[in-house]
file input05.cif (mmCIF, C-alpha atoms)
data_my_file
#
loop_
_atom_site.group_PDB
_atom_site.id
_atom_site.type_symbol
_atom_site.label_atom_id
_atom_site.label_comp_id
_atom_site.auth_asym_id
_atom_site.auth_seq_id
_atom_site.Cartn_x
_atom_site.Cartn_y
_atom_site.Cartn_z
ATOM 1 C CA MET I 1 -6.725 -3.632 -5.774
ATOM 2 C CA CYS I 2 -3.017 -3.142 -6.398
ATOM 3 C CA LEU I 3 -1.717 -5.924 -4.162
ATOM 4 C CA THR I 4 -2.517 -9.444 -3.123
ATOM 5 C CA ILE I 5 -1.984 -9.852 0.597
ATOM 6 C CA PRO I 6 -1.322 -13.099 2.429
ATOM 7 C CA GLY I 7 -3.345 -14.712 5.195
ATOM 8 C CA LYS I 8 -2.943 -17.820 7.305
ATOM 9 C CA ILE I 9 -5.460 -20.675 7.078
ATOM 10 C CA ILE I 10 -6.987 -21.281 10.501
ATOM 11 C CA LYS I 11 -9.925 -23.509 9.497
ATOM 12 C CA ILE I 12 -11.059 -25.532 6.467
ATOM 13 C CA GLU I 13 -14.635 -26.691 6.002
ATOM 14 C CA GLY I 14 -15.322 -28.432 2.695
ATOM 15 C CA ASP I 15 -13.776 -26.133 0.094
ATOM 16 C CA ILE I 16 -14.027 -23.004 2.235
ATOM 17 C CA ALA I 17 -10.972 -21.877 4.185
ATOM 18 C CA THR I 18 -11.016 -19.286 6.955
ATOM 19 C CA LEU I 19 -7.994 -16.982 6.801
ATOM 20 C CA ASP I 20 -6.466 -14.917 9.557
ATOM 21 C CA TYR I 21 -5.203 -11.490 8.454
ATOM 22 C CA GLY I 22 -3.848 -10.426 11.819
ATOM 23 C CA SER I 23 -6.652 -8.061 12.719
ATOM 24 C CA GLU I 24 -9.589 -9.964 11.225
ATOM 25 C CA THR I 25 -10.619 -13.119 9.384
ATOM 26 C CA ARG I 26 -11.973 -13.709 5.876
ATOM 27 C CA GLU I 27 -13.232 -16.737 3.991
ATOM 28 C CA ALA I 28 -11.861 -17.939 0.664
ATOM 29 C CA LYS I 29 -12.578 -20.841 -1.647
ATOM 30 C CA ILE I 30 -10.169 -23.637 -2.442
ATOM 31 C CA VAL I 31 -10.617 -24.405 -6.134
ATOM 32 C CA GLU I 32 -7.514 -26.451 -6.742
ATOM 33 C CA GLY I 33 -4.385 -27.473 -4.872
ATOM 34 C CA ASP I 34 -3.722 -29.037 -1.485
ATOM 35 C CA TYR I 35 -3.981 -26.687 1.444
ATOM 36 C CA LYS I 36 -4.022 -27.357 5.158
ATOM 37 C CA VAL I 37 -4.545 -25.403 8.354
ATOM 38 C CA GLY I 38 -1.404 -23.364 9.063
ATOM 39 C CA ASP I 39 -0.585 -22.674 5.402
ATOM 40 C CA CYS I 40 -0.039 -19.049 4.402
ATOM 41 C CA VAL I 41 -1.749 -18.244 1.135
ATOM 42 C CA LEU I 42 -2.584 -15.474 -1.295
ATOM 43 C CA VAL I 43 -6.195 -14.867 -2.267
ATOM 44 C CA GLN I 44 -7.561 -13.199 -5.366
ATOM 45 C CA ALA I 45 -11.277 -12.600 -5.868
ATOM 46 C CA ARG I 46 -11.969 -14.808 -2.845
ATOM 47 C CA ILE I 47 -10.153 -17.774 -4.354
ATOM 48 C CA ILE I 48 -6.898 -19.136 -2.949
ATOM 49 C CA VAL I 49 -4.314 -18.792 -5.685
ATOM 50 C CA GLU I 50 -0.965 -19.714 -4.198
ATOM 51 C CA LYS I 51 0.980 -20.652 -1.102
ATOM 52 C CA VAL I 52 3.640 -18.332 0.329
ATOM 53 C CA ASP I 53 6.412 -19.594 2.574
ATOM 54 C CA GLU I 54 6.555 -19.029 6.338
ATOM 55 C CA LYS I 55 9.549 -16.739 6.057
ATOM 56 C CA GLN I 56 7.814 -14.414 3.614
ATOM 57 C CA MET I 57 4.760 -14.443 5.851
ATOM 58 C CA GLU I 58 6.829 -13.485 8.891
ATOM 59 C CA GLY I 59 8.408 -10.616 6.984
ATOM 60 C CA TRP I 60 4.964 -9.444 5.974
ATOM 61 C CA LEU I 61 3.595 -9.578 9.531
ATOM 62 C CA GLU I 62 6.546 -7.502 10.731
ATOM 63 C CA VAL I 63 5.855 -4.858 8.109
ATOM 64 C CA LEU I 64 2.171 -4.856 8.901
ATOM 65 C CA LYS I 65 2.739 -4.549 12.623
ATOM 66 C CA ASP I 66 5.239 -1.726 12.192
ATOM 67 C CA VAL I 67 2.867 0.163 9.939
ATOM 68 C CA GLN I 68 -0.215 -0.395 12.044
ATOM 69 C CA ASP I 69 1.545 0.665 15.242
ATOM 70 C CA ARG I 70 1.899 4.055 13.595
ATOM 71 C CA GLY I 71 -1.809 4.757 13.645
ATOM 72 C CA GLU I 72 -4.487 4.928 16.254
ATOM 73 C CA ALA I 73 -6.672 1.832 16.278
ATOM 74 C CA MET Y 74 8.476 16.920 -10.993
ATOM 75 C CA GLU Y 75 8.991 13.987 -13.359
ATOM 76 C CA PRO Y 76 5.973 11.634 -13.435
ATOM 77 C CA GLU Y 77 8.195 8.607 -12.630
ATOM 78 C CA VAL Y 78 9.378 10.339 -9.442
ATOM 79 C CA TYR Y 79 5.861 11.444 -8.511
ATOM 80 C CA PHE Y 80 4.540 7.907 -8.992
ATOM 81 C CA ILE Y 81 7.217 6.192 -6.932
ATOM 82 C CA LYS Y 82 6.694 8.563 -3.985
ATOM 83 C CA TYR Y 83 3.152 7.211 -3.646
ATOM 84 C CA ALA Y 84 3.913 3.624 -4.675
ATOM 85 C CA TYR Y 85 7.116 2.951 -2.743
ATOM 86 C CA PRO Y 86 5.374 1.880 0.512
ATOM 87 C CA CYS Y 87 3.390 -0.691 -1.520
ATOM 88 C CA ALA Y 88 6.627 -1.970 -3.027
ATOM 89 C CA HIS Y 89 7.693 -2.811 0.486
ATOM 90 C CA ILE Y 90 4.870 -5.306 0.582
ATOM 91 C CA LEU Y 91 5.501 -6.638 -2.908
ATOM 92 C CA CYS Y 92 9.110 -7.161 -1.918
ATOM 93 C CA THR Y 93 8.464 -8.743 1.450
ATOM 94 C CA VAL Y 94 5.699 -11.078 0.485
ATOM 95 C CA ARG Y 95 6.060 -12.111 -3.089
ATOM 96 C CA GLY Y 96 9.575 -11.398 -4.096
ATOM 97 C CA ASP Y 97 8.171 -9.579 -7.183
ATOM 98 C CA VAL Y 98 10.511 -6.758 -6.244
ATOM 99 C CA SER Y 99 14.087 -7.740 -5.388
ATOM 100 C CA GLU Y 100 15.880 -6.211 -2.389
ATOM 101 C CA GLU Y 101 18.093 -4.324 -4.804
ATOM 102 C CA LYS Y 102 15.188 -2.869 -6.782
ATOM 103 C CA PHE Y 103 13.427 -2.047 -3.550
ATOM 104 C CA LYS Y 104 16.432 0.034 -2.430
ATOM 105 C CA GLU Y 105 16.517 1.692 -5.829
ATOM 106 C CA MET Y 106 12.856 2.653 -5.389
ATOM 107 C CA GLU Y 107 13.541 4.146 -1.966
ATOM 108 C CA GLN Y 108 16.385 6.237 -3.379
ATOM 109 C CA ALA Y 109 14.226 7.260 -6.327
ATOM 110 C CA ALA Y 110 11.417 8.383 -3.987
ATOM 111 C CA ILE Y 111 13.686 10.286 -1.594
ATOM 112 C CA HIS Y 112 16.203 11.757 -4.029
ATOM 113 C CA ASN Y 113 13.888 12.341 -6.981
ATOM 114 C CA ARG Y 114 15.531 9.852 -9.321
ATOM 115 C CA VAL Y 115 13.764 8.727 -12.469
ATOM 116 C CA MET Y 116 13.173 4.973 -12.743
ATOM 117 C CA ASP Y 117 12.483 2.957 -15.857
ATOM 118 C CA ARG Y 118 8.828 3.303 -16.920
ATOM 119 C CA ALA Y 119 8.528 -0.233 -18.274
ATOM 120 C CA TYR Y 120 9.786 -1.697 -14.995
ATOM 121 C CA LEU Y 121 7.327 0.340 -12.907
ATOM 122 C CA GLU Y 122 4.439 -0.560 -15.232
ATOM 123 C CA LYS Y 123 5.306 -4.236 -14.848
ATOM 124 C CA VAL Y 124 5.599 -4.256 -11.051
ATOM 125 C CA PHE Y 125 2.560 -2.050 -10.428
ATOM 126 C CA PHE Y 126 0.491 -3.439 -13.288
ATOM 127 C CA ARG Y 127 -2.825 -3.185 -11.458
ATOM 128 C CA ALA Y 128 -2.317 0.486 -10.644
ATOM 129 C CA PHE Y 129 -1.361 1.197 -14.265
ATOM 130 C CA ASP Y 130 -4.486 -0.575 -15.542
ATOM 131 C CA ARG Y 131 -6.450 2.098 -13.727
ATOM 132 C CA ILE Y 132 -4.086 4.950 -14.498
ATOM 133 C CA SER Y 133 -4.304 4.214 -18.232
ATOM 134 C CA LYS Y 134 -8.116 4.394 -18.108
ATOM 135 C CA ILE Y 135 -7.980 7.696 -16.202
ATOM 136 C CA ALA Y 136 -5.505 9.047 -18.768
ATOM 137 C CA GLU Y 137 -7.929 8.198 -21.559
ATOM 138 C CA GLU Y 138 -10.781 9.963 -19.741
ATOM 139 C CA MET Y 139 -8.640 13.032 -19.140
ATOM 140 C CA GLY Y 140 -7.332 13.041 -22.704
ATOM 141 C CA LYS Y 141 -3.766 12.919 -21.441
ATOM 142 C CA GLU Y 142 -0.817 10.580 -21.438
ATOM 143 C CA MET Y 143 -0.560 7.917 -18.753
ATOM 144 C CA TRP Y 144 2.817 9.249 -17.586
ATOM 145 C CA ASP Y 145 1.488 12.645 -16.563
ATOM 146 C CA VAL Y 146 1.604 14.018 -13.014
ATOM 147 C CA ASP Y 147 -2.044 15.219 -13.210
ATOM 148 C CA VAL Y 148 -3.193 11.739 -14.210
ATOM 149 C CA ILE Y 149 -1.178 9.973 -11.525
ATOM 150 C CA GLN Y 150 -2.367 12.507 -8.946
ATOM 151 C CA GLU Y 151 -5.983 11.912 -9.970
ATOM 152 C CA TYR Y 152 -5.403 8.202 -9.383
ATOM 153 C CA PHE Y 153 -3.787 8.394 -5.959
ATOM 154 C CA THR Y 154 -5.744 11.274 -4.448
ATOM 155 C CA VAL Y 155 -9.213 10.799 -5.992
ATOM 156 C CA ARG Y 156 -9.832 7.381 -7.545
ATOM 157 C CA HIS Y 157 -7.722 5.130 -5.366
ATOM 158 C CA ASN Y 158 -9.806 5.171 -2.144
ATOM 159 C CA PRO Y 159 -13.168 4.240 -3.697
ATOM 160 C CA VAL Y 160 -11.595 1.272 -5.537
ATOM 161 C CA LEU Y 161 -9.915 0.222 -2.325
ATOM 162 C CA ASN Y 162 -13.144 0.510 -0.345
ATOM 163 C CA GLY Y 163 -14.808 -1.866 -2.799
ATOM 164 C CA SER Y 164 -12.076 -4.477 -2.334
ATOM 165 C CA ASP Y 165 -12.198 -7.250 0.226
ATOM 166 C CA TYR Y 166 -8.962 -6.305 1.965
ATOM 167 C CA PRO Y 167 -9.058 -6.414 5.767
ATOM 168 C CA GLU Y 168 -10.346 -3.096 7.160
ATOM 169 C CA SER Y 169 -7.157 -2.220 9.049
ATOM 170 C CA PHE Y 170 -5.164 -2.730 5.840
ATOM 171 C CA LYS Y 171 -7.528 -0.506 3.842
ATOM 172 C CA GLU Y 172 -7.079 2.294 6.359
ATOM 173 C CA MET Y 173 -3.284 2.331 5.878
ATOM 174 C CA CYS Y 174 -3.636 2.004 2.128
ATOM 175 C CA ARG Y 175 -6.052 4.957 1.783
ATOM 176 C CA THR Y 176 -4.523 8.289 0.887
ATOM 177 C CA TYR Y 177 -5.515 11.116 3.212
ATOM 178 C CA LYS Y 178 -5.018 14.855 3.481
ATOM 179 C CA ALA Y 179 -3.395 15.398 6.847
ATOM 180 C CA GLU Y 180 -1.936 18.178 8.979
ATOM 181 C CA VAL Y 181 1.422 18.005 10.716
ATOM 182 C CA VAL Y 182 0.816 18.333 14.473
ATOM 183 C CA SER Y 183 4.219 17.620 15.983
ATOM 184 C CA GLU Y 184 7.735 16.433 15.400
ATOM 185 C CA GLU Y 185 9.111 13.339 17.152
ATOM 186 C CA ASP Y 186 12.622 12.874 18.567
ATOM 187 C CA ASP Y 187 13.420 10.307 15.873
ATOM 188 C CA GLY Y 188 12.807 12.867 13.124
ATOM 189 C CA GLU Y 189 9.435 11.495 12.100
ATOM 190 C CA ILE Y 190 6.224 13.474 12.433
ATOM 191 C CA ILE Y 191 2.725 13.023 13.845
ATOM 192 C CA VAL Y 192 -0.090 14.017 11.523
ATOM 193 C CA LYS Y 193 -3.838 14.213 12.072
ATOM 194 C CA TYR Y 194 -6.459 13.448 9.452
ATOM 195 C CA LEU Y 195 -10.180 12.864 9.100
ATOM 196 C CA SER Y 196 -10.554 9.128 8.674
ATOM 197 C CA GLU Y 197 -13.164 7.450 6.485
ATOM 198 C CA LEU Y 198 -13.676 5.186 9.500
ATOM 199 C CA GLY Y 199 -15.087 8.255 11.255
ATOM 200 C CA GLY Y 200 -13.477 10.907 13.392
ATOM 201 C CA GLU Y 201 -10.043 12.414 13.552
ATOM 202 C CA LYS Y 202 -7.071 10.057 13.721
ATOM 203 C CA LYS Y 203 -3.367 10.466 14.200
ATOM 204 C CA ARG Y 204 -0.500 8.634 12.529
ATOM 205 C CA LYS Y 205 3.264 8.698 12.829
ATOM 206 C CA VAL Y 206 4.769 9.134 9.371
ATOM 207 C CA LYS Y 207 8.180 9.612 7.789
ATOM 208 C CA LYS Y 208 9.049 12.935 6.224
ATOM 209 C CA ASP Y 209 11.988 11.582 4.195
ATOM 210 C CA TYR Y 210 10.524 13.062 1.006
ATOM 211 C CA MET Y 211 10.173 16.509 2.578
ATOM 212 C CA PRO Y 212 12.720 17.010 5.381
ATOM 213 C CA GLU Y 213 11.693 20.677 5.693
ATOM 214 C CA LEU Y 214 8.089 19.936 6.687
ATOM 215 C CA LYS Y 215 6.851 22.106 9.554
ATOM 216 C CA VAL Y 216 4.066 21.792 12.103
ATOM 217 C CA GLY Y 217 0.816 23.142 10.646
ATOM 218 C CA GLU Y 218 1.606 22.243 7.024
ATOM 219 C CA ARG Y 219 -0.849 20.079 5.102
ATOM 220 C CA VAL Y 220 0.311 16.930 3.368
ATOM 221 C CA TRP Y 221 -1.010 13.843 1.613
ATOM 222 C CA ILE Y 222 -0.199 10.640 3.487
ATOM 223 C CA HIS Y 223 -0.010 7.043 2.220
ATOM 224 C CA TRP Y 224 0.977 4.199 4.548
ATOM 225 C CA GLN Y 225 3.899 5.415 6.703
ATOM 226 C CA TYR Y 226 4.883 8.342 4.465
ATOM 227 C CA ALA Y 227 4.092 12.002 4.040
ATOM 228 C CA VAL Y 228 4.050 12.070 0.228
ATOM 229 C CA GLU Y 229 3.524 15.648 -0.964
ATOM 230 C CA LYS Y 230 2.160 18.980 0.223
ATOM 231 C CA VAL Y 231 -1.533 19.582 -0.363
#
call {"tool": "encode", "arguments": {"input": "input05.cif", "output": "structure tokens"}}
result
Amino acid sequence: MCLTIPGKIIKIEGDIATLDYGSETREAKIVEGDYKVGDCVLVQARIIVEKVDEKQMEGWLEVLKDVQDRGEA
Amino acid sequence: MEPEVYFIKYAYPCAHILCTVRGDVSEEKFKEMEQAAIHNRVMDRAYLEKVFFRAFDRISKIAEEMGKEMWDVDVIQEYFTVRHNPVLNGSDYPESFKEMCRTYKAEVVSEEDDGEIIVKYLSELGGEKKRKVKKDYMPELKVGERVWIHWQYAVEKV
């Protein structure tokens, strides 16, 4: 789609990471690079492509929360 | 309306995310986009094509199908109001994110004290839903009017 959105790694098993997206989790593959639980990452086509810093992640979560509070769950 | 202005009205909420998360859009450019969307200012085409390259990949294909230019309001409207949701539904975005990202036809049901409005729409998730949206693009919007919504904005009248 138009954007790549960040998630936080909450579990790693082999080369499969479980990512938390606030409201739900998704799995993504680690192809290259060092990632650990707690890292915030961007995923494209189910592959982790890059790390984003905590501060950017916090900003994103604020935006997401503000926007989602606008709608009915 | 100029196609650059029409495009940014739909795309500005997404820029918020591009700005916050990736730094692809600087704070300054982000403010420029907001002003462009609210005050109908024309932004540089090349810049918009670069920042929203994925959207323009699709828009250029639609333009070809329609036998029109890419920078044409009809083409951009076809993208945001017709083609955008099916592509989105096929993506692996989280469901709650998809819902905000979908464009919907909505009806203004009330006005809030803070100047924003409540709209209702038929959600693809099933049933009628409500959302609080900004009417910065159309300050004159009245209860009962029908509008397209995208993220936290009422974008244009249906």
call {"tool": "residues_around", "arguments": {"input": "input05.cif", "residues": "Ser23 in chain I", "least_positions_apart": "3", "cutoff": "10 Å", "atoms": "all atoms listed in the file", "output": "MDAnalysis selection string"}}
result
(chainID I and resid 20) or (chainID Y and resid 167:170)
call {"tool": "write_last_selection", "arguments": {"input": "input05.cif", "atoms": "C-alpha atoms", "output": "JSON list (two decimals), in the coordinates of the input"}}
result
[["chain", "number", "residue", "atom", "x", "y", "z"],
["I", 20, "ASP", "CA", -6.47, -14.92, 9.56],
["Y", 167, "PRO", "CA", -9.06, -6.41, 5.77],
["Y", 168, "GLU", "CA", -10.35, -3.10, 7.16],
["Y", 169, "SER", "CA", -7.16, -2.22, 9.05],
["Y", 170, "PHE", "CA", -5.16, -2.73, 5.84]]
call {"tool": "resolve_selection", "arguments": {"input": "input05.cif", "expression": "the PyMOL selection byres ((chain I and resi 28) around 10)", "output": "list in words"}}
result
Ile9, Ile12, Asp15, Ile16, Ala17, Thr18, Leu19, Arg26, Glu27, Lys29, Ile30, Val31, Leu42, Val43, Gln44, Ala45, Arg46, Ile47, Ile48 and Val49 of chain I
call {"tool": "resolve_selection", "arguments": {"input": "input05.cif", "expression": "the PyMOL selection byres ((chain Y and resi 221) around 12)", "output": "MDAnalysis selection string"}}
result
chainID Y and resid 82:83 150 153:155 175:181 192:195 206:208 210:211 218:220 222:231
call {"tool": "write_last_selection", "arguments": {"input": "input05.cif", "atoms": "C-alpha atoms", "output": "PDB file, keeping the file's coordinate frame"}}
result
ATOM      1  CA  LYS Y  82       6.694   8.563  -3.985  1.00  0.00           C
ATOM      2  CA  TYR Y  83       3.152   7.211  -3.646  1.00  0.00           C
ATOM      3  CA  GLN Y 150      -2.367  12.507  -8.946  1.00  0.00           C
ATOM      4  CA  PHE Y 153      -3.787   8.394  -5.959  1.00  0.00           C
ATOM      5  CA  THR Y 154      -5.744  11.274  -4.448  1.00  0.00           C
ATOM      6  CA  VAL Y 155      -9.213  10.799  -5.992  1.00  0.00           C
ATOM      7  CA  ARG Y 175      -6.052   4.957   1.783  1.00  0.00           C
ATOM      8  CA  THR Y 176      -4.523   8.289   0.887  1.00  0.00           C
ATOM      9  CA  TYR Y 177      -5.515  11.116   3.212  1.00  0.00           C
ATOM     10  CA  LYS Y 178      -5.018  14.855   3.481  1.00  0.00           C
ATOM     11  CA  ALA Y 179      -3.395  15.398   6.847  1.00  0.00           C
ATOM     12  CA  GLU Y 180      -1.936  18.178   8.979  1.00  0.00           C
ATOM     13  CA  VAL Y 181       1.422  18.005  10.716  1.00  0.00           C
ATOM     14  CA  VAL Y 192      -0.090  14.017  11.523  1.00  0.00           C
ATOM     15  CA  LYS Y 193      -3.838  14.213  12.072  1.00  0.00           C
ATOM     16  CA  TYR Y 194      -6.459  13.448   9.452  1.00  0.00           C
ATOM     17  CA  LEU Y 195     -10.180  12.864   9.100  1.00  0.00           C
ATOM     18  CA  VAL Y 206       4.769   9.134   9.371  1.00  0.00           C
ATOM     19  CA  LYS Y 207       8.180   9.612   7.789  1.00  0.00           C
ATOM     20  CA  LYS Y 208       9.049  12.935   6.224  1.00  0.00           C
ATOM     21  CA  TYR Y 210      10.524  13.062   1.006  1.00  0.00           C
ATOM     22  CA  MET Y 211      10.173  16.509   2.578  1.00  0.00           C
ATOM     23  CA  GLU Y 218       1.606  22.243   7.024  1.00  0.00           C
ATOM     24  CA  ARG Y 219      -0.849  20.079   5.102  1.00  0.00           C
ATOM     25  CA  VAL Y 220       0.311  16.930   3.368  1.00  0.00           C
ATOM     26  CA  ILE Y 222      -0.199  10.640   3.487  1.00  0.00           C
ATOM     27  CA  HIS Y 223      -0.010   7.043   2.220  1.00  0.00           C
ATOM     28  CA  TRP Y 224       0.977   4.199   4.548  1.00  0.00           C
ATOM     29  CA  GLN Y 225       3.899   5.415   6.703  1.00  0.00           C
ATOM     30  CA  TYR Y 226       4.883   8.342   4.465  1.00  0.00           C
ATOM     31  CA  ALA Y 227       4.092  12.002   4.040  1.00  0.00           C
ATOM     32  CA  VAL Y 228       4.050  12.070   0.228  1.00  0.00           C
ATOM     33  CA  GLU Y 229       3.524  15.648  -0.964  1.00  0.00           C
ATOM     34  CA  LYS Y 230       2.160  18.980   0.223  1.00  0.00           C
ATOM     35  CA  VAL Y 231      -1.533  19.582  -0.363  1.00  0.00           C
TER      36      VAL Y 231
END
call {"tool": "resolve_selection", "arguments": {"input": "input05.cif", "expression": "the PyMOL selection byres ((chain I) within 12 of (chain Y))", "output": "VMD selection string"}}
result
chain I and resid 1 to 7 19 to 28 40 to 47 50 to 73
call {"tool": "residues_around", "arguments": {"input": "input05.cif", "residues": "Pro76 in chain Y", "least_positions_apart": "4", "cutoff": "12 Å", "atoms": "only C-alpha atoms", "output": "list in words"}}
result
Phe80, Ile81, Lys82, Tyr83, Ala109, Ala110, Asn113, Arg114, Val115, Met116, Asp117, Arg118, Leu121, Glu142, Met143, Trp144, Asp145, Val146, Asp147, Val148, Ile149 and Gln150 of chain Y
call {"tool": "write_last_selection", "arguments": {"input": "input05.cif", "atoms": "C-alpha atoms", "output": "mmCIF file, in the frame of the given file"}}
result
data_model
loop_
_atom_site.group_PDB
_atom_site.id
_atom_site.type_symbol
_atom_site.label_atom_id
_atom_site.label_comp_id
_atom_site.auth_asym_id
_atom_site.auth_seq_id
_atom_site.Cartn_x
_atom_site.Cartn_y
_atom_site.Cartn_z
ATOM 1 C CA PHE Y 80 4.540 7.907 -8.992
ATOM 2 C CA ILE Y 81 7.217 6.192 -6.932
ATOM 3 C CA LYS Y 82 6.694 8.563 -3.985
ATOM 4 C CA TYR Y 83 3.152 7.211 -3.646
ATOM 5 C CA ALA Y 109 14.226 7.260 -6.327
ATOM 6 C CA ALA Y 110 11.417 8.383 -3.987
ATOM 7 C CA ASN Y 113 13.888 12.341 -6.981
ATOM 8 C CA ARG Y 114 15.531 9.852 -9.321
ATOM 9 C CA VAL Y 115 13.764 8.727 -12.469
ATOM 10 C CA MET Y 116 13.173 4.973 -12.743
ATOM 11 C CA ASP Y 117 12.483 2.957 -15.857
ATOM 12 C CA ARG Y 118 8.828 3.303 -16.920
ATOM 13 C CA LEU Y 121 7.327 0.340 -12.907
ATOM 14 C CA GLU Y 142 -0.817 10.580 -21.438
ATOM 15 C CA MET Y 143 -0.560 7.917 -18.753
ATOM 16 C CA TRP Y 144 2.817 9.249 -17.586
ATOM 17 C CA ASP Y 145 1.488 12.645 -16.563
ATOM 18 C CA VAL Y 146 1.604 14.018 -13.014
ATOM 19 C CA ASP Y 147 -2.044 15.219 -13.210
ATOM 20 C CA VAL Y 148 -3.193 11.739 -14.210
ATOM 21 C CA ILE Y 149 -1.178 9.973 -11.525
ATOM 22 C CA GLN Y 150 -2.367 12.507 -8.946
#
call {"tool": "atom_distance", "arguments": {"input": "input05.cif", "atom1": "CA of Lys134 in chain Y", "atom2": "CA of Pro159 in chain Y"}}
result
15.3 Å
